[in-house]
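Engineer: The structure file upload-v6.cif (mmCIF, C-alpha atoms) is provided below.
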data_protein
#
loop_
_atom_site.label_atom_id
_atom_site.label_comp_id
_atom_site.auth_asym_id
_atom_site.auth_seq_id
_atom_site.Cartn_x
_atom_site.Cartn_y
_atom_site.Cartn_z
CA MET A 1 -71.70 -38.80 23.66
CA ASN A 2 -68.51 -40.83 23.83
CA ALA A 3 -68.95 -44.24 22.38
CA LEU A 4 -65.23 -44.93 22.81
CA ASN A 5 -63.50 -45.15 26.14
CA ASN A 6 -60.49 -42.94 26.70
CA GLU A 7 -57.85 -45.55 25.89
CA ASP A 8 -59.59 -46.59 22.66
CA ARG A 9 -59.98 -42.94 21.71
CA LYS A 10 -56.29 -42.31 22.23
CA GLN A 11 -55.38 -45.33 20.13
CA GLN A 12 -57.80 -44.27 17.40
CA ILE A 13 -56.19 -40.79 17.28
CA LEU A 14 -52.68 -42.26 17.14
CA ASP A 15 -53.74 -44.67 14.38
CA ILE A 16 -55.48 -42.05 12.23
CA SER A 17 -52.58 -39.60 12.54
CA GLY A 18 -49.62 -41.95 12.44
CA VAL A 19 -47.97 -39.57 14.93
CA ASN A 20 -45.53 -40.80 17.57
CA VAL A 21 -46.17 -38.42 20.46
CA LYS A 22 -43.21 -39.84 22.39
CA LYS A 23 -40.80 -38.19 19.94
CA CYS A 24 -41.79 -34.72 21.24
CA MET A 25 -39.09 -32.95 23.26
CA HIS A 26 -41.42 -30.15 24.41
CA CYS A 27 -39.56 -27.29 22.77
CA GLY A 28 -42.80 -25.50 21.85
CA LYS A 29 -41.64 -24.51 18.38
CA CYS A 30 -44.89 -25.81 16.85
CA SER A 31 -46.99 -23.43 18.92
CA ALA A 32 -44.54 -20.57 18.51
CA THR A 33 -44.89 -20.79 14.74
CA CYS A 34 -48.64 -21.47 14.63
CA PRO A 35 -50.50 -18.67 12.82
CA ALA A 36 -53.73 -19.52 14.68
CA TYR A 37 -52.06 -19.42 18.11
CA ASP A 38 -54.05 -16.43 19.39
CA GLU A 39 -57.35 -18.09 18.51
CA MET A 40 -56.58 -21.40 20.21
CA GLU A 41 -57.46 -22.54 23.70
CA TYR A 42 -55.15 -25.55 23.35
CA HIS A 43 -52.06 -25.04 21.21
CA PRO A 44 -50.25 -27.56 19.00
CA HIS A 45 -47.71 -28.57 21.68
CA GLU A 46 -50.59 -29.10 24.12
CA PHE A 47 -52.38 -31.39 21.67
CA VAL A 48 -49.24 -33.52 21.59
CA SER A 49 -48.71 -33.64 25.35
CA MET A 50 -52.39 -34.07 26.22
CA VAL A 51 -52.88 -36.94 23.79
CA GLU A 52 -49.72 -38.55 25.20
CA LYS A 53 -51.10 -38.24 28.73
CA GLY A 54 -54.55 -39.43 27.66
CA GLU A 55 -56.20 -36.10 28.52
CA ILE A 56 -58.36 -36.22 25.43
CA GLU A 57 -61.81 -35.19 26.63
CA PRO A 58 -61.01 -31.43 26.84
CA LEU A 59 -59.58 -31.52 23.31
CA LEU A 60 -62.71 -33.14 21.90
CA LYS A 61 -64.81 -30.26 23.21
CA SER A 62 -62.45 -27.46 22.26
CA LYS A 63 -62.99 -25.06 19.36
CA SER A 64 -59.22 -25.17 18.86
CA LEU A 65 -59.91 -28.20 16.67
CA TYR A 66 -61.45 -25.93 14.08
CA ARG A 67 -58.84 -23.17 14.22
CA CYS A 68 -55.97 -25.20 12.76
CA LEU A 69 -55.34 -23.87 9.24
CA THR A 70 -53.57 -26.99 7.96
CA CYS A 71 -50.75 -24.69 6.87
CA PHE A 72 -48.13 -27.33 7.81
CA ALA A 73 -45.94 -24.72 9.54
CA CYS A 74 -45.69 -26.94 12.65
CA VAL A 75 -45.05 -30.00 10.47
CA GLU A 76 -42.24 -28.24 8.63
CA ARG A 77 -40.62 -26.64 11.65
CA CYS A 78 -40.77 -29.39 14.28
CA PRO A 79 -37.14 -30.40 14.94
CA ARG A 80 -38.26 -33.91 15.90
CA GLY A 81 -40.65 -34.64 13.04
CA VAL A 82 -43.65 -35.05 15.34
CA GLU A 83 -46.05 -33.37 12.87
CA PRO A 84 -48.61 -31.90 15.31
CA ALA A 85 -51.07 -30.87 12.55
CA LYS A 86 -51.64 -34.55 11.81
CA LEU A 87 -52.56 -35.14 15.43
CA ILE A 88 -54.97 -32.18 15.50
CA GLU A 89 -56.59 -33.53 12.32
CA ALA A 90 -57.02 -36.94 13.94
CA VAL A 91 -58.65 -35.48 17.06
CA ARG A 92 -60.98 -33.44 14.87
CA LEU A 93 -61.90 -36.51 12.84
CA SER A 94 -62.46 -38.49 16.01
CA VAL A 95 -65.19 -35.95 16.82
CA ILE A 96 -66.81 -35.26 13.45
CA ARG A 97 -66.85 -38.88 12.33
CA GLU A 98 -69.49 -39.54 14.97
CA GLN A 99 -73.01 -39.11 13.72
CA GLY A 100 -74.50 -35.72 14.50
CA ASN A 101 -71.14 -34.14 15.31
CA ASP A 102 -70.55 -32.14 12.12
CA TYR A 103 -69.06 -28.79 13.06
CA MET A 104 -70.42 -26.91 10.05
CA LYS A 105 -73.85 -27.11 8.49
CA PRO A 106 -74.22 -26.42 4.75
CA GLU A 107 -76.53 -23.49 5.56
CA LYS A 108 -73.57 -21.76 7.14
CA VAL A 109 -71.96 -21.47 3.71
CA THR A 110 -74.94 -19.66 2.22
CA GLU A 111 -74.80 -17.19 5.11
CA VAL A 112 -71.19 -16.19 4.50
CA LEU A 113 -71.02 -16.66 0.74
CA ASP A 114 -70.23 -13.62 -1.39
CA ASN A 115 -69.72 -13.22 -5.12
CA SER A 116 -65.98 -13.66 -5.06
CA MET A 117 -65.56 -16.46 -2.51
CA PRO A 118 -63.65 -19.23 -4.28
CA GLN A 119 -64.99 -22.79 -4.42
CA GLN A 120 -61.67 -23.76 -2.86
CA ALA A 121 -62.78 -22.14 0.43
CA ILE A 122 -66.06 -24.03 0.43
CA VAL A 123 -64.72 -27.48 -0.46
CA SER A 124 -61.89 -27.06 2.04
CA ALA A 125 -64.28 -26.06 4.84
CA PHE A 126 -66.49 -29.04 4.04
CA ARG A 127 -63.50 -31.34 4.20
CA LYS A 128 -62.34 -29.95 7.54
CA TYR A 129 -65.59 -29.28 9.33
CA ARG A 130 -67.95 -32.12 8.47
CA LYS A 131 -68.17 -35.72 7.37
CA MET B 2 -44.19 -30.63 -24.96
CA VAL B 3 -47.64 -31.83 -23.97
CA TYR B 4 -48.62 -32.03 -20.30
CA SER B 5 -51.62 -33.46 -18.54
CA TYR B 6 -53.34 -30.50 -16.91
CA TYR B 7 -55.43 -30.51 -13.75
CA PRO B 8 -57.28 -27.17 -13.49
CA GLY B 9 -59.36 -27.87 -10.36
CA CYS B 10 -62.75 -26.54 -9.35
CA THR B 11 -61.90 -22.91 -8.69
CA LEU B 12 -60.11 -22.33 -11.99
CA LYS B 13 -63.36 -23.20 -13.75
CA THR B 14 -65.38 -20.73 -11.70
CA LYS B 15 -64.04 -17.88 -9.53
CA ALA B 16 -60.44 -18.04 -10.75
CA LYS B 17 -60.94 -18.28 -14.50
CA GLU B 18 -58.24 -15.63 -15.01
CA LEU B 19 -55.60 -17.76 -13.31
CA ASP B 20 -56.45 -20.50 -15.80
CA ARG B 21 -56.90 -18.37 -18.94
CA TYR B 22 -53.70 -16.36 -18.49
CA GLY B 23 -51.86 -19.58 -17.75
CA ARG B 24 -53.10 -21.24 -20.91
CA ASN B 25 -52.40 -18.16 -23.02
CA SER B 26 -48.88 -18.06 -21.66
CA ALA B 27 -48.31 -21.78 -22.17
CA LYS B 28 -49.24 -21.38 -25.82
CA ALA B 29 -46.89 -18.42 -26.21
CA LEU B 30 -44.09 -20.42 -24.59
CA GLY B 31 -44.71 -23.43 -26.81
CA PHE B 32 -46.18 -26.03 -24.49
CA THR B 33 -49.62 -27.60 -24.40
CA LEU B 34 -51.85 -28.20 -21.40
CA GLU B 35 -54.14 -31.16 -22.09
CA GLU B 36 -56.94 -31.26 -19.56
CA VAL B 37 -57.33 -34.51 -17.63
CA PRO B 38 -60.60 -36.04 -18.88
CA GLU B 39 -63.41 -36.05 -16.34
CA TRP B 40 -61.19 -34.83 -13.51
CA GLN B 41 -62.81 -34.46 -10.11
CA CYS B 42 -62.23 -31.84 -7.41
CA CYS B 43 -59.22 -32.61 -5.18
CA GLY B 44 -61.09 -31.41 -2.10
CA GLY B 45 -59.01 -28.29 -1.52
CA VAL B 46 -56.98 -29.61 1.40
CA TYR B 47 -54.91 -32.75 1.63
CA PRO B 48 -56.77 -35.50 3.53
CA ILE B 49 -54.21 -36.21 6.24
CA ALA B 50 -55.82 -39.23 7.88
CA LYS B 51 -53.99 -42.48 7.22
CA ASP B 52 -57.25 -44.46 7.11
CA GLU B 53 -59.04 -42.34 4.48
CA ILE B 54 -59.17 -43.60 0.91
CA ALA B 55 -62.30 -42.04 -0.63
CA THR B 56 -61.06 -38.47 -0.10
CA LYS B 57 -57.83 -39.33 -1.93
CA LEU B 58 -59.44 -41.00 -4.95
CA PRO B 59 -60.03 -37.87 -7.12
CA SER B 60 -56.31 -37.13 -6.95
CA ILE B 61 -55.32 -40.73 -7.62
CA ARG B 62 -57.59 -40.87 -10.67
CA ALA B 63 -55.96 -37.76 -12.13
CA LEU B 64 -52.49 -39.09 -11.36
CA ALA B 65 -53.30 -42.44 -12.96
CA SER B 66 -54.74 -40.71 -16.03
CA ALA B 67 -51.47 -38.83 -16.56
CA LYS B 68 -49.52 -42.06 -16.08
CA GLU B 69 -51.59 -43.73 -18.78
CA LYS B 70 -50.66 -40.95 -21.22
CA GLU B 71 -47.05 -40.97 -20.00
CA GLN B 72 -47.31 -37.27 -19.26
CA ILE B 73 -46.25 -35.02 -16.42
CA LEU B 74 -49.27 -33.73 -14.47
CA VAL B 75 -49.31 -29.92 -14.22
CA THR B 76 -51.41 -27.73 -11.93
CA LEU B 77 -51.80 -23.98 -11.52
CA CYS B 78 -53.71 -23.84 -8.26
CA SER B 79 -51.58 -23.97 -5.10
CA ALA B 80 -54.14 -26.15 -3.34
CA CYS B 81 -54.45 -28.73 -6.13
CA HIS B 82 -50.66 -28.79 -6.32
CA ASN B 83 -50.43 -29.50 -2.60
CA VAL B 84 -53.10 -32.20 -2.58
CA LEU B 85 -51.88 -33.99 -5.71
CA LYS B 86 -48.27 -34.09 -4.57
CA GLN B 87 -49.11 -35.24 -1.04
CA VAL B 88 -51.50 -37.95 -2.24
CA ASN B 89 -48.91 -39.02 -4.82
CA HIS B 90 -46.37 -39.31 -2.03
CA ASP B 91 -48.81 -41.55 -0.12
CA MET B 92 -49.14 -43.70 -3.23
CA ARG B 93 -45.39 -44.21 -3.18
CA THR B 94 -44.88 -44.76 0.53
CA GLU B 95 -48.02 -45.86 2.40
CA GLU B 96 -48.58 -49.55 1.67
CA GLU B 97 -52.05 -49.68 3.20
CA ILE B 98 -53.27 -46.69 1.19
CA ILE B 99 -51.69 -48.10 -1.99
CA ARG B 100 -53.36 -51.46 -1.42
CA ASN B 101 -56.81 -50.14 -0.53
CA ALA B 102 -56.91 -47.48 -3.25
CA ASN B 103 -55.86 -49.92 -5.95
CA ASN B 104 -58.24 -52.56 -4.64
CA TYR B 105 -61.06 -50.07 -5.07
CA LEU B 106 -60.01 -48.53 -8.40
CA GLN B 107 -59.21 -51.81 -10.21
CA LEU B 108 -56.98 -50.09 -12.75
CA GLU B 109 -55.41 -52.13 -15.51
CA LYS B 110 -52.08 -51.76 -13.72
CA PRO B 111 -51.88 -50.68 -10.08
CA TYR B 112 -50.93 -47.06 -9.51
CA ARG B 113 -47.90 -46.61 -7.27
CA GLY B 114 -47.04 -42.93 -7.54
CA GLU B 115 -45.27 -43.13 -10.90
CA THR B 116 -46.57 -39.79 -12.21
CA LYS B 117 -44.46 -36.68 -11.84
CA VAL B 118 -46.44 -33.66 -10.64
CA LEU B 119 -45.26 -30.14 -11.42
CA HIS B 120 -46.67 -26.77 -10.54
CA PHE B 121 -46.81 -24.38 -13.51
CA LEU B 122 -44.01 -22.35 -11.88
CA GLU B 123 -41.86 -25.50 -11.83
CA VAL B 124 -42.56 -26.00 -15.53
CA LEU B 125 -41.28 -22.47 -16.14
CA ARG B 126 -38.17 -23.08 -14.01
CA ASP B 127 -37.33 -26.72 -14.79
CA GLU B 128 -38.74 -27.39 -18.25
CA ILE B 129 -38.72 -24.02 -20.06
CA GLY B 130 -36.05 -22.27 -17.97
CA PHE B 131 -36.36 -18.75 -16.57
CA ASP B 132 -33.58 -17.57 -18.95
CA GLU B 133 -35.60 -18.79 -21.93
CA LEU B 134 -38.75 -17.18 -20.51
CA ALA B 135 -36.90 -13.87 -20.11
CA LYS B 136 -35.98 -13.97 -23.82
CA LYS B 137 -39.66 -14.14 -24.76
CA VAL B 138 -40.77 -11.23 -22.60
CA VAL B 139 -41.98 -8.31 -24.72
CA ASN B 140 -43.44 -6.11 -21.96
CA PRO B 141 -41.01 -6.30 -19.03
CA PHE B 142 -42.16 -5.01 -15.63
CA LYS B 143 -39.25 -2.62 -15.47
CA GLY B 144 -38.86 -0.91 -12.10
CA LYS B 145 -41.90 -2.67 -10.63
CA LYS B 146 -41.40 -3.82 -7.06
CA ILE B 147 -43.22 -7.12 -6.81
CA GLY B 148 -43.71 -9.12 -3.63
CA ALA B 149 -44.06 -12.86 -4.12
CA TYR B 150 -46.66 -14.36 -1.81
CA TYR B 151 -46.10 -18.09 -1.49
CA GLY B 152 -48.50 -18.88 1.34
CA CYS B 153 -48.37 -22.47 2.61
CA LEU B 154 -49.56 -24.72 -0.14
CA LEU B 155 -46.74 -24.26 -2.64
CA LEU B 156 -44.01 -25.05 -0.14
CA ARG B 157 -45.03 -27.28 2.76
CA PRO B 158 -44.28 -29.99 3.66
CA GLY B 159 -41.02 -29.27 1.86
CA LYS B 160 -39.80 -32.87 1.86
CA VAL B 161 -42.95 -34.01 0.05
CA LEU B 162 -43.59 -31.13 -2.33
CA GLN B 163 -39.93 -30.56 -3.23
CA MET B 164 -40.71 -27.33 -5.01
CA ASP B 165 -38.24 -25.09 -3.22
CA ASP B 166 -36.60 -24.40 0.14
CA PRO B 167 -39.74 -24.00 2.30
CA GLU B 168 -38.14 -21.35 4.55
CA ASN B 169 -36.15 -19.43 1.98
CA PRO B 170 -37.80 -20.00 -1.38
CA LYS B 171 -36.76 -18.21 -4.55
CA ILE B 172 -38.76 -19.68 -7.43
CA MET B 173 -41.27 -16.80 -7.48
CA GLU B 174 -38.54 -14.19 -7.07
CA ASP B 175 -36.68 -15.75 -10.02
CA PHE B 176 -39.94 -15.67 -11.95
CA ILE B 177 -40.36 -11.97 -11.15
CA ARG B 178 -36.83 -11.29 -12.40
CA ALA B 179 -37.55 -13.24 -15.60
CA ILE B 180 -40.51 -11.00 -16.40
CA GLY B 181 -38.38 -7.93 -15.77
CA GLY B 182 -39.60 -6.94 -12.30
CA GLU B 183 -37.78 -6.37 -9.04
CA PRO B 184 -38.58 -8.99 -6.41
CA ILE B 185 -39.10 -7.72 -2.87
CA ILE B 186 -38.31 -10.11 -0.03
CA TYR B 187 -40.47 -9.81 3.09
CA SER B 188 -40.66 -12.25 5.98
CA MET B 189 -44.39 -13.09 5.83
CA ARG B 190 -44.23 -14.32 2.25
CA ASN B 191 -44.50 -17.99 3.29
CA GLU B 192 -46.99 -17.64 6.15
CA CYS B 193 -50.65 -18.63 6.03
CA CYS B 194 -53.40 -16.21 4.86
CA GLY B 195 -56.05 -17.74 7.14
CA ALA B 196 -57.22 -20.22 4.50
CA TYR B 197 -60.72 -21.72 4.81
CA THR B 198 -61.40 -20.08 8.18
CA CYS B 199 -62.85 -17.18 6.17
CA ILE B 200 -66.02 -19.30 6.27
CA ASP B 201 -66.02 -20.00 10.00
CA ASP B 202 -63.95 -17.29 11.65
CA LYS B 203 -63.63 -14.06 9.66
CA LYS B 204 -61.47 -12.49 12.37
CA LEU B 205 -58.80 -15.16 12.10
CA ALA B 206 -58.65 -14.84 8.30
CA ASN B 207 -58.61 -11.06 8.58
CA ASP B 208 -55.81 -11.05 11.18
CA ARG B 209 -53.63 -13.41 9.18
CA SER B 210 -54.07 -11.65 5.84
CA GLY B 211 -53.57 -8.30 7.59
CA GLU B 212 -50.16 -9.37 8.94
CA ILE B 213 -49.04 -10.38 5.47
CA LEU B 214 -50.27 -7.19 3.80
CA LYS B 215 -48.72 -5.05 6.54
CA ASP B 216 -45.32 -6.65 6.04
CA ALA B 217 -45.51 -6.36 2.26
CA ALA B 218 -46.70 -2.74 2.47
CA GLU B 219 -43.87 -1.85 4.87
CA HIS B 220 -41.45 -3.21 2.29
CA GLU B 221 -43.03 -0.84 -0.24
CA VAL B 222 -44.15 -3.36 -2.81
CA ASP B 223 -46.06 -2.02 -5.82
CA CYS B 224 -48.04 -5.24 -6.02
CA MET B 225 -48.07 -8.87 -4.90
CA ILE B 226 -48.43 -12.12 -6.83
CA THR B 227 -49.99 -15.41 -5.80
CA ALA B 228 -50.86 -18.79 -7.31
CA CYS B 229 -53.73 -19.44 -4.91
CA PRO B 230 -57.37 -18.32 -5.34
CA LEU B 231 -58.03 -18.53 -1.60
CA CYS B 232 -54.96 -16.42 -0.75
CA LEU B 233 -56.13 -13.86 -3.30
CA TYR B 234 -59.59 -13.83 -1.72
CA ASN B 235 -58.36 -13.47 1.85
CA LEU B 236 -55.88 -10.74 0.96
CA ASN B 237 -58.45 -8.85 -1.12
CA HIS B 238 -61.08 -9.09 1.61
CA ASN B 239 -58.83 -7.86 4.37
CA THR B 240 -60.42 -4.83 6.01
CA ASP B 241 -57.23 -3.13 7.23
CA ALA B 242 -57.15 -0.80 4.19
CA TYR B 243 -53.75 -1.64 2.74
CA GLU B 244 -53.67 -0.52 -0.85
CA VAL B 245 -51.60 -3.30 -2.34
CA PRO B 246 -52.96 -4.82 -5.53
CA ILE B 247 -52.71 -8.60 -5.72
CA TYR B 248 -52.50 -10.49 -8.99
CA TYR B 249 -52.32 -14.07 -10.11
CA PHE B 250 -48.77 -14.69 -11.29
CA THR B 251 -50.17 -15.86 -14.63
CA GLU B 252 -51.71 -12.45 -15.24
CA LEU B 253 -48.31 -10.75 -15.04
CA LEU B 254 -46.79 -13.58 -17.07
CA ALA B 255 -49.37 -13.18 -19.85
CA GLU B 256 -48.92 -9.42 -19.81
CA SER B 257 -45.15 -9.71 -20.04
CA LEU B 258 -45.50 -12.10 -22.98
CA GLY B 259 -47.98 -9.80 -24.71
CA VAL B 260 -50.79 -12.36 -24.69
CA LYS B 261 -52.96 -11.00 -21.89
CA GLU B 262 -55.72 -9.77 -24.16
CA GLN B 263 -56.08 -13.00 -26.06
CA GLY B 264 -59.50 -14.48 -25.59
CA ASP B 265 -60.78 -17.91 -24.84
CA GLU B 266 -59.66 -19.28 -28.18
CA CYS B 267 -56.67 -20.76 -26.39
CA ILE B 268 -58.90 -22.94 -24.27
CA GLU B 269 -59.09 -26.38 -25.75
#
For this file, produce the structure as structure tokens.
Structural biologist:
Amino acid sequence: MNALNNEDRKQQILDISGVNVKKCMHCGKCSATCPAYDEMEYHPHEFVSMVEKGEIEPLLKSKSLYRCLTCFACVERCPRGVEPAKLIEAVRLSVIREQGNDYMKPEKVTEVLDNSMPQQAIVSAFRKYRK
Amino acid sequence: MVYSYYPGCTLKTKAKELDRYGRNSAKALGFTLEEVPEWQCCGGVYPIAKDEIATKLPSIRALASAKEKEQILVTLCSACHNVLKQVNHDMRTEEEIIRNANNYLQLEKPYRGETKVLHFLEVLRDEIGFDELAKKVVNPFKGKKIGAYYGCLLLRPGKVLQMDDPENPKIMEDFIRAIGGEPIIYSMRNECCGAYTCIDDKKLANDRSGEILKDAAEHEVDCMITACPLCLYNLNHNTDAYEVPIYYFTELLAESLGVKEQGDECIE
């Protein structure tokens, strides 16, 4: 599945996100404030440390990629300006930009759609879950 | 005062009330919302990736349209507000995005983030003034305990959006005071409702919205207000049986100004 080797993948993620993982001081505030913490296998601080160490393969396969709410709580509250949400976005894009790797199929929307679901939910999910 | 107005996809469909009450109120307060011609959907969430241009173009087109008319660009939807301001910030600071977007758009003059973007609440605070708004209120919400629900998209990232202090905001509380109500402060007011995960993971959305409703209910609010259609949806679809009504802030605004029952004649 992986067209990119690990080093190239890491560089791609750093380039897409613009995040400097070396700035992290491992305080864990990003994960402590993350509203999706309970639903994540890997938490925001782990995304930062694992990308830094090049342990990217487990992240690519993890559903944690699709639990981030893009609420920017970790971006706002990181004392070092690391902006973990941007890194999670880049890992997610690294996966779904590959052909056949869309996380959500359009049919899924028709399954969960109800009369009051706002278009905002649908366009946002499309932006986050598929390319 | 005439503003460029970006309604966004949801205000034309499932959140028509947010739009209609906003327009009615604008008219009553003496300002005009002029819809951006042929606007396109912002995409709902800010495209974070530094190498994406196409997903930012709808926002840039709207921003450039307002610049052409020399108008401030106003939005009502929290999500559009977030996306437009963040993309505008990119168009001021990210040289590669500026270059590639302008290279594609071929505008008469390159767009470099010149347009000022304001949320409707900021128009009330910074352009009209909450004191002036209070003077025009004919049906004050006297004795009503109202919890402001900010969510994420109005406030964060604070340095980019510059709407209010992202951890201790007060713009919605000041709004509530202006329409005669009593603002109730509760700690979950700026935490996330679960957002678009209502499509993929109902439990996550339900847990998040439940925490917010629980906190508001424990603070004995009579109702809550929001500027976000997705927040309204997630809070209304929470299954934990909290009986807290949630309204768009424009609905209470229109009611306080006595223009709630006006029809679509205000829509231009």
Engineer: For chain B, which residues have at least one atom within 7 Å of chain A, if we go by all atoms listed in the file? Write them as number ranges by chain, please.
Structural biologist: B: 10-11, 15, 44-46, 49-52, 153, 157-159, 193, 195-197, 200, 230-231, 234
Engineer: Residues of the last selection are to be written out with C-alpha atoms, as an mmCIF file, in the frame of the given file.
Structural biologist:
data_model
loop_
_atom_site.group_PDB
_atom_site.id
_atom_site.type_symbol
_atom_site.label_atom_id
_atom_site.label_comp_id
_atom_site.auth_asym_id
_atom_site.auth_seq_id
_atom_site.Cartn_x
_atom_site.Cartn_y
_atom_site.Cartn_z
ATOM 1 C CA CYS B 10 -62.750 -26.540 -9.350
ATOM 2 C CA THR B 11 -61.900 -22.910 -8.690
ATOM 3 C CA LYS B 15 -64.040 -17.880 -9.530
ATOM 4 C CA GLY B 44 -61.090 -31.410 -2.100
ATOM 5 C CA GLY B 45 -59.010 -28.290 -1.520
ATOM 6 C CA VAL B 46 -56.980 -29.610 1.400
ATOM 7 C CA ILE B 49 -54.210 -36.210 6.240
ATOM 8 C CA ALA B 50 -55.820 -39.230 7.880
ATOM 9 C CA LYS B 51 -53.990 -42.480 7.220
ATOM 10 C CA ASP B 52 -57.250 -44.460 7.110
ATOM 11 C CA CYS B 153 -48.370 -22.470 2.610
ATOM 12 C CA ARG B 157 -45.030 -27.280 2.760
ATOM 13 C CA PRO B 158 -44.280 -29.990 3.660
ATOM 14 C CA GLY B 159 -41.020 -29.270 1.860
ATOM 15 C CA CYS B 193 -50.650 -18.630 6.030
ATOM 16 C CA GLY B 195 -56.050 -17.740 7.140
ATOM 17 C CA ALA B 196 -57.220 -20.220 4.500
ATOM 18 C CA TYR B 197 -60.720 -21.720 4.810
ATOM 19 C CA ILE B 200 -66.020 -19.300 6.270
ATOM 20 C CA PRO B 230 -57.370 -18.320 -5.340
ATOM 21 C CA LEU B 231 -58.030 -18.530 -1.600
ATOM 22 C CA TYR B 234 -59.590 -13.830 -1.720
#
Engineer: Excluding Glu262 of chain B and residues on its chain fewer than 5 positions from it, collect all residues at most 12 Å away from it, counting only C-alpha atoms, and give them as a PyMOL selection string.
Structural biologist: chain B and resi 18+21-22+25-26+252-253+255-257+267
Engineer: Atom CA of Lys86 of chain B and atom CA of Leu122 of chain B, how far apart in Å?
Structural biologist: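 It comes out at 14.5 Å.
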Engineer: Give as a PyMOL selection string the residues that the PyMOL selection byres ((chain B and resi 178) around 12) matches when applied to the coordinates above.
Structural biologist: chain B and resi 126+131-132+134-136+138+141-149+171-177+179-185+253-254+257
Engineer: Residues within 12 Å of Tyr150 of chain B, please, as a short mmCIF file (atom, residue, chain, number, x, y, z; two decimals) with C-alpha atoms, in the coordinates of the input. Count only C-alpha atoms; anything in the same chain fewer than 2 positions from it doesn't count.
Structural biologist:
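Wrote part.cif, looks like this:
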data_model
loop_
_atom_site.label_atom_id
_atom_site.label_comp_id
_atom_site.auth_asym_id
_atom_site.auth_seq_id
_atom_site.Cartn_x
_atom_site.Cartn_y
_atom_site.Cartn_z
CA SER B 79 -51.58 -23.97 -5.10
CA ILE B 147 -43.22 -7.12 -6.81
CA GLY B 148 -43.71 -9.12 -3.63
CA GLY B 152 -48.50 -18.88 1.34
CA CYS B 153 -48.37 -22.47 2.61
CA LEU B 154 -49.56 -24.72 -0.14
CA LEU B 155 -46.74 -24.26 -2.64
CA LEU B 156 -44.01 -25.05 -0.14
CA PRO B 170 -37.80 -20.00 -1.38
CA LYS B 171 -36.76 -18.21 -4.55
CA ILE B 172 -38.76 -19.68 -7.43
CA MET B 173 -41.27 -16.80 -7.48
CA GLU B 174 -38.54 -14.19 -7.07
CA ILE B 177 -40.36 -11.97 -11.15
CA PRO B 184 -38.58 -8.99 -6.41
CA ILE B 185 -39.10 -7.72 -2.87
CA ILE B 186 -38.31 -10.11 -0.03
CA TYR B 187 -40.47 -9.81 3.09
CA SER B 188 -40.66 -12.25 5.98
CA MET B 189 -44.39 -13.09 5.83
CA ARG B 190 -44.23 -14.32 2.25
CA ASN B 191 -44.50 -17.99 3.29
CA GLU B 192 -46.99 -17.64 6.15
CA CYS B 193 -50.65 -18.63 6.03
CA CYS B 194 -53.40 -16.21 4.86
CA SER B 210 -54.07 -11.65 5.84
CA ILE B 213 -49.04 -10.38 5.47
CA LEU B 214 -50.27 -7.19 3.80
CA ASP B 216 -45.32 -6.65 6.04
CA ALA B 217 -45.51 -6.36 2.26
CA VAL B 222 -44.15 -3.36 -2.81
CA CYS B 224 -48.04 -5.24 -6.02
CA MET B 225 -48.07 -8.87 -4.90
CA ILE B 226 -48.43 -12.12 -6.83
CA THR B 227 -49.99 -15.41 -5.80
CA ALA B 228 -50.86 -18.79 -7.31
CA CYS B 229 -53.73 -19.44 -4.91
CA PRO B 230 -57.37 -18.32 -5.34
CA CYS B 232 -54.96 -16.42 -0.75
CA LEU B 233 -56.13 -13.86 -3.30
CA LEU B 236 -55.88 -10.74 0.96
CA ILE B 247 -52.71 -8.60 -5.72
CA TYR B 248 -52.50 -10.49 -8.99
CA TYR B 249 -52.32 -14.07 -10.11
CA PHE B 250 -48.77 -14.69 -11.29
#
Engineer: What separation in Å, quoted to one decimal, exists between atom CA of Asp165 of chain B and atom CA of Ile129 of chain B?
Structural biologist: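 Taking atom CA of Asp165 of chain B and atom CA of Ile129 of chain B, their separation equals 16.9 Å.
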Engineer: Just want the 8 Å neighbourhood of Cys24 of chain A, counted on only C-alpha atoms, with same-chain residues fewer than 6 positions away dropped. Output as a ChimeraX atom specification.
Structural biologist: /A:48,80,82
Engineer: Segment 102-118 of chain B: which residues within 9 Å, counting only C-alpha atoms, same-chain residues fewer than 2 positions away excluded, as a ChimeraX atom specification?
Structural biologist: /B:54-55,57-58,61-62,64-65,67-68,71-76,82,85-86,88-94,97-100,120
Engineer: Restricting the calculation to all atoms listed in the file: of A:Ser94, A:Ser62, A:Ser49, A:Asn101, which residue gets closest to Met25 of chain A?
Structural biologist: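 The closest residue to Met25 of chain A is A:Ser49.
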Engineer: Would you pick out the contacts of Ile88 of chain A at 8 Å or less, using all atoms listed in the file, so that residues sharing its chain but fewer than 6 positions from it are not included, and give the list as number ranges by chain?
Structural biologist: A: 44, 47, 65, 68
Engineer: Keeping only C-alpha atoms, take the residues you just selected and write them out as a PDB file, in the frame of the given file.
Structural biologist:
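The result, stored in selection-v6.pdb:
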ATOM      1  CA  PRO A  44     -50.250 -27.560  19.000  1.00  0.00           C
ATOM      2  CA  PHE A  47     -52.380 -31.390  21.670  1.00  0.00           C
ATOM      3  CA  LEU A  65     -59.910 -28.200  16.670  1.00  0.00           C
ATOM      4  CA  CYS A  68     -55.970 -25.200  12.760  1.00  0.00           C
TER       5      CYS A  68
END
Engineer: Kindly provide, as lines of an AutoDock Vina configuration file, the centre and edge lengths (Å, one decimal) of an axis-aligned box around all atoms of segment 227-243 of chain B given in the file, with 6 Å on each side.
Structural biologist:
center_x = -55.5
center_y = -10.1
center_z = 0.0
size_x = 23.1
size_y = 30.6
size_z = 26.5
